Amino acid sequence: MEHSDGHVHVEAQGDAAAVRNVIAATFGLVGTLSAEATTGCGLRVPRAHVSRHPERVTCLPCREHARDRHKRLADRLAGLAVRPGATADRARVERAAAHHRDLARRFAAP
């Protein structure tokens, strides 16, 4: 593991802890959560040095990574909401897209 640089980072592939909690709640299975996380800027840091909250992330490359990831997700969701014959609840998909646009905006803010 690389040494922490004093910044708060964002996890590169989403929030492993949140995924673990969903699996535990759904299936009653609890996997071991690694003590380290790979960040959006490419470092491996202690999990205690990552956050999914934009206001807490201080690493600028990680903020850019998260902004881009949430923007892409919002764009994909917006595309699903207008697709003819979509089975998902349009209002719910639009709310999810708006949520990710808001996260992208918050990660872009200084």
# chains A, B, ... in the order shown; residues from 1 in each chain; ligands from 1
>>> select_by_dssp(residues="region 1-107 of chain A", states="strand (DSSP E or B)", output="list in words")
His9, Glu11, Glu36, Ala37, Thr38, Thr39, Arg44, Val45, Pro46 and Val50 of chain A
>>> write_last_selection(atoms="all heavy atoms", output="CSV table (one decimal), in the first residue's frame")
chain,number,residue,atom,x,y,z
A,9,HIS,N,-9.7,11.1,-0.6
A,9,HIS,CA,-9.8,10.6,-2.0
A,9,HIS,C,-11.2,10.1,-2.2
A,9,HIS,O,-12.0,9.9,-1.3
A,9,HIS,CB,-8.8,9.5,-2.3
A,9,HIS,CG,-7.4,10.0,-2.2
A,9,HIS,ND1,-6.7,10.6,-3.2
A,9,HIS,CD2,-6.5,10.0,-1.1
A,9,HIS,CE1,-5.5,10.9,-2.9
A,9,HIS,NE2,-5.4,10.6,-1.6
A,11,GLU,N,-13.2,6.7,-4.1
A,11,GLU,CA,-12.9,5.3,-4.6
A,11,GLU,C,-13.1,5.3,-6.1
A,11,GLU,O,-14.0,5.8,-6.7
A,11,GLU,CB,-13.8,4.3,-3.9
A,11,GLU,CG,-13.3,2.9,-3.9
A,11,GLU,CD,-14.0,2.0,-2.9
A,11,GLU,OE1,-14.8,2.5,-2.1
A,11,GLU,OE2,-13.8,0.8,-3.1
A,36,GLU,N,-7.9,-1.3,2.3
A,36,GLU,CA,-7.4,-0.4,1.4
A,36,GLU,C,-8.4,-0.1,0.2
A,36,GLU,O,-9.3,-0.9,0.0
A,36,GLU,CB,-6.1,-0.9,0.7
A,36,GLU,CG,-5.1,-1.3,1.7
A,36,GLU,CD,-3.9,-2.1,1.0
A,36,GLU,OE1,-4.0,-2.3,-0.3
A,36,GLU,OE2,-2.9,-2.4,1.6
A,37,ALA,N,-8.2,1.0,-0.4
A,37,ALA,CA,-9.1,1.3,-1.6
A,37,ALA,C,-8.2,1.9,-2.7
A,37,ALA,O,-7.2,2.6,-2.4
A,37,ALA,CB,-10.1,2.4,-1.2
A,38,THR,N,-8.5,1.6,-3.9
A,38,THR,CA,-7.9,2.2,-5.1
A,38,THR,C,-8.7,3.4,-5.4
A,38,THR,O,-9.9,3.4,-5.5
A,38,THR,CB,-7.9,1.2,-6.3
A,38,THR,OG1,-7.2,0.1,-5.9
A,38,THR,CG2,-7.2,1.9,-7.5
A,39,THR,N,-8.0,4.6,-5.5
A,39,THR,CA,-8.7,5.9,-5.7
A,39,THR,C,-8.8,6.3,-7.1
A,39,THR,O,-8.1,5.7,-8.0
A,39,THR,CB,-7.9,6.9,-4.9
A,39,THR,OG1,-6.6,7.1,-5.5
A,39,THR,CG2,-7.7,6.5,-3.4
A,44,ARG,N,-3.4,3.7,-3.8
A,44,ARG,CA,-4.0,2.8,-2.9
A,44,ARG,C,-3.8,3.4,-1.5
A,44,ARG,O,-2.7,3.7,-1.1
A,44,ARG,CB,-3.4,1.4,-3.0
A,44,ARG,CG,-3.7,0.8,-4.3
A,44,ARG,CD,-4.1,-0.7,-4.3
A,44,ARG,NE,-4.5,-1.4,-3.2
A,44,ARG,CZ,-5.8,-1.8,-3.0
A,44,ARG,NH1,-6.7,-1.5,-3.8
A,44,ARG,NH2,-6.1,-2.6,-2.0
A,45,VAL,N,-4.9,3.7,-0.9
A,45,VAL,CA,-4.9,4.4,0.4
A,45,VAL,C,-5.7,3.6,1.4
A,45,VAL,O,-6.6,2.8,1.0
A,45,VAL,CB,-5.3,5.8,0.3
A,45,VAL,CG1,-4.5,6.7,-0.6
A,45,VAL,CG2,-6.8,5.9,-0.1
A,46,PRO,N,-5.5,3.8,2.7
A,46,PRO,CA,-6.4,3.2,3.7
A,46,PRO,C,-7.8,3.7,3.4
A,46,PRO,O,-8.1,4.8,3.1
A,46,PRO,CB,-5.9,3.8,5.0
A,46,PRO,CG,-4.5,4.2,4.8
A,46,PRO,CD,-4.5,4.7,3.3
A,50,VAL,N,-10.9,7.7,2.2
A,50,VAL,CA,-11.8,7.9,1.1
A,50,VAL,C,-13.2,8.3,1.5
A,50,VAL,O,-13.6,8.0,2.7
A,50,VAL,CB,-11.9,6.6,0.2
A,50,VAL,CG1,-10.6,6.2,-0.4
A,50,VAL,CG2,-12.5,5.4,0.9
>>> select_by_dssp(residues="region 2-69 of chain A", states="helix (DSSP H, G or I)", output="ChimeraX atom specification")
/A:16-27,47-49,60-69
>>> atom_distance(atom1="CA of His7 (chain A)", atom2="CA of Ala96 (chain A)")
28.8 Å
>>> atom_distance(atom1="CA of Leu33 (chain A)", atom2="CA of His49 (chain A)")
14.4 Å
>>> residues_around(residues="Ala12 (chain A)", least_positions_apart="6", cutoff="12 Å", atoms="only C-alpha atoms", output="list in words")
Glu36, Ala37, Thr38, Thr39, Gly40, Cys41, Gly42, Leu43, Arg44, Val45, Arg47, Val50, Ser51, Arg52, Pro61, Cys62, Arg63, Glu64, His65, Ala66, Arg67, Asp68, Arg69 and His70 of chain A
>>> atom_distance(atom1="CA of His100 (chain A)", atom2="CA of Gly85 (chain A)")
23.3 Å
